[in-house]
Amino acid sequence: MGNEQIPQPLAAAATPHRPAAQKTSLAGAAHQRTLDRIAALWALLTDRPVSLYAASVMRIGYGLLYLIFLLREFPHRDEIWGPNSPWTPALARQLFDQTGWNSILVLSDSRAYFELCYVTALLTSALFMLGWRTRAMSVLFAVVVTSFHARSIFMTDGGDNLILLMALYLVLTACGRRWSLDARRNRLRTAGTGNAPDSVRSCTRQLRDARDTLTTVVHNCGMLVIAAQVCFLYGSAGLYKIQGPTWGSGTALHYALNLELFQPWPTLSHLVDEYPMVIAIASYVTVLLQVAFPFVLFGRLKYPVLTVLLGMHIGIAVLLGLPLFSGAMIIADAVFLPDRFYALLPRLYRRARTWWPAPRRAAGPGIVPPQGGPGVPSSNHGAVPAQKGTTPATGTASKQR
């Protein structure tokens, strides 16, 4: 009897089936987690437009940058894009047949037509910067940039290429929602539709909701493409630099500073070149930041990285004479700053104005100084002086008595 085995309980007998149940539950949890992430990404894509302030900053920046560029090249416009350019419209058409590019500047060889196109480009850049009819102006701005870029494609550099890409991408974005004339007009229109009938208001709201949903999806996709383009630009530039021996030895900036083509101020370039240790550190930091840039965008480390990149681009503009390229890169970096940063700027400006003491107004001829000396009541608290030829009120009252 003592050797008889005790029968196992039902719970113990069911233990071999637990791992399968656990695997099923883990798979279900992972599947649910994946579905939740997909739903969150879909909500992020369709619920609200992201980075509206960043898109507006890019609109203002690239519109202003291209306007300054056209004004800067205004005396040389005929040599670069005009019908009398060494790269004639006929040569440009032959190149377009091979590359597939096109330009509105080669539609006619007339000088008047070219001047009209140039003035149109100036007005388009200014109106796009101000945000007037932004949807139409963004398309026209992209056409202008593409036409001028293709007309003289052998005289372009990296800054021109980046402006061209961003001009095409900004067509997809709602870059006129903030800091624009369109935003001001929409605010006034919203305030004016408050007195409309309920039927008209409901119909308008439905149409606006459908339009906003479509605009939100296209805008978010456009901002995602812009961010991916900037990350690819920095990452590829860093990887290409690693392959070169001059960047590995820390002497690349030394050779760049000694090229006559990149010496707007030779004295300043030679002065900086006298510090080889600083040049080597700047070379290594440049490569490190460009390679690591796509990996620091999802944390707070991106803010010091963007600050260092800002200083790097300013240095490129000053030392190497590439302001167009540096300005295009600085504006492109603005896409990674959140909207709360841009929304904070007006509040900081208003707070700075309250901290700054208001200037005191000097006593002018229109300001009456306080009357009376010490111990003498002022004219505000004393009796009103009697005019010449009249009797004071007290004397009149005593006579009447």
# chains A, B, ... in the order shown; residues from 1 in each chain; ligands from 1
>>> residues_around(residues="range 169-181 of chain A", least_positions_apart="6", cutoff="7 Å", atoms="only C-alpha atoms", output="list in words")
Leu52, Tyr53, Ala55, Ser56, Arg59, Leu130, Gly131, Trp132, Thr134, Ser138, Val139, Val218, His219, Gly222, Met223 and Ile226 of chain A
>>> select_by_dssp(residues="range 62-257 of chain A", states="alpha helix (DSSP H)", output="VMD selection string")
chain A and resid 62 to 72 77 to 80 89 to 99 111 to 130 134 to 151 158 to 170 181 to 192 198 to 243 245 to 249 252 to 257
>>> atom_distance(atom1="CA of Tyr118 in chain A", atom2="CA of Ile68 in chain A")
13.1 Å
>>> residues_around(residues="range 266-276 of chain A", least_positions_apart="4", cutoff="9 Å", atoms="only C-alpha atoms", output="number ranges by chain")
A: 250-251, 253-254, 257-258, 260, 262, 280-281, 319-320
>>> residues_around(residues="Thr88 in chain A", least_positions_apart="5", cutoff="10 Å", atoms="only C-alpha atoms", output="short mmCIF file (atom, residue, chain, number, x, y, z; two decimals) with C-alpha atoms, in the first residue's frame")
data_model
loop_
_atom_site.label_atom_id
_atom_site.label_comp_id
_atom_site.auth_asym_id
_atom_site.auth_seq_id
_atom_site.Cartn_x
_atom_site.Cartn_y
_atom_site.Cartn_z
CA GLU A 79 24.56 86.63 -69.05
CA ILE A 80 23.13 83.77 -66.97
CA TRP A 81 19.57 83.20 -68.21
CA GLY A 82 18.93 85.72 -70.98
CA PRO A 83 18.70 85.18 -74.74
CA ARG A 93 16.66 73.00 -76.07
CA VAL A 106 13.24 79.01 -73.75
CA ASP A 109 14.04 84.25 -77.70
CA ARG A 151 17.96 77.20 -68.14
CA SER A 152 21.51 77.44 -66.82
#
>>> closest_residue(among="A:Met58, A:Arg211, A:Phe232, A:Ala150", to="Leu95 in chain A", atoms="only C-alpha atoms")
A:Ala150
>>> closest_residue(among="A:Trp247, A:Phe336, A:Tyr255, A:Trp42", to="Leu301 in chain A", atoms="only C-alpha atoms")
A:Phe336
>>> closest_residue(among="A:Thr146, A:Thr215, A:Ser51, A:Thr286", to="Ser103 in chain A", atoms="only C-alpha atoms")
A:Thr146
>>> atom_distance(atom1="CA of Ser249 in chain A", atom2="CA of Tyr284 in chain A")
8.9 Å
>>> closest_residue(among="A:Leu345, A:Ile242, A:Ile153, A:Leu67", to="Thr120 in chain A", atoms="only C-alpha atoms")
A:Leu67
>>> residues_around(residues="Pro294 in chain A", least_positions_apart="6", cutoff="12 Å", atoms="only C-alpha atoms", output="list of chain:residue names")
A:Ala227, A:Ala228, A:Gln229, A:Val230, A:Cys231, A:Phe232, A:Leu233, A:Tyr234, A:Gly235, A:Ser236, A:Ala237, A:Gly238, A:Leu288, A:Leu301, A:Lys302, A:Val305, A:Leu306, A:Asp333, A:Phe336
>>> write_last_selection(atoms="C-alpha atoms", output="short mmCIF file (atom, residue, chain, number, x, y, z; two decimals), in the first residue's frame")
data_model
loop_
_atom_site.label_atom_id
_atom_site.label_comp_id
_atom_site.auth_asym_id
_atom_site.auth_seq_id
_atom_site.Cartn_x
_atom_site.Cartn_y
_atom_site.Cartn_z
CA ALA A 227 12.66 65.28 -43.34
CA ALA A 228 13.81 62.11 -45.11
CA GLN A 229 15.51 64.20 -47.80
CA VAL A 230 17.49 66.19 -45.24
CA CYS A 231 18.49 63.03 -43.36
CA PHE A 232 19.61 61.38 -46.59
CA LEU A 233 21.56 64.50 -47.51
CA TYR A 234 23.47 64.64 -44.22
CA GLY A 235 24.00 60.89 -44.02
CA SER A 236 25.29 60.50 -47.57
CA ALA A 237 27.57 63.54 -47.20
CA GLY A 238 29.08 62.09 -44.03
CA LEU A 288 30.58 62.81 -36.90
CA LEU A 301 20.23 65.43 -28.41
CA LYS A 302 19.06 66.88 -31.71
CA VAL A 305 23.39 68.93 -32.89
CA LEU A 306 21.24 71.46 -34.78
CA ASP A 333 17.14 72.16 -40.68
CA PHE A 336 13.14 69.30 -37.22
#
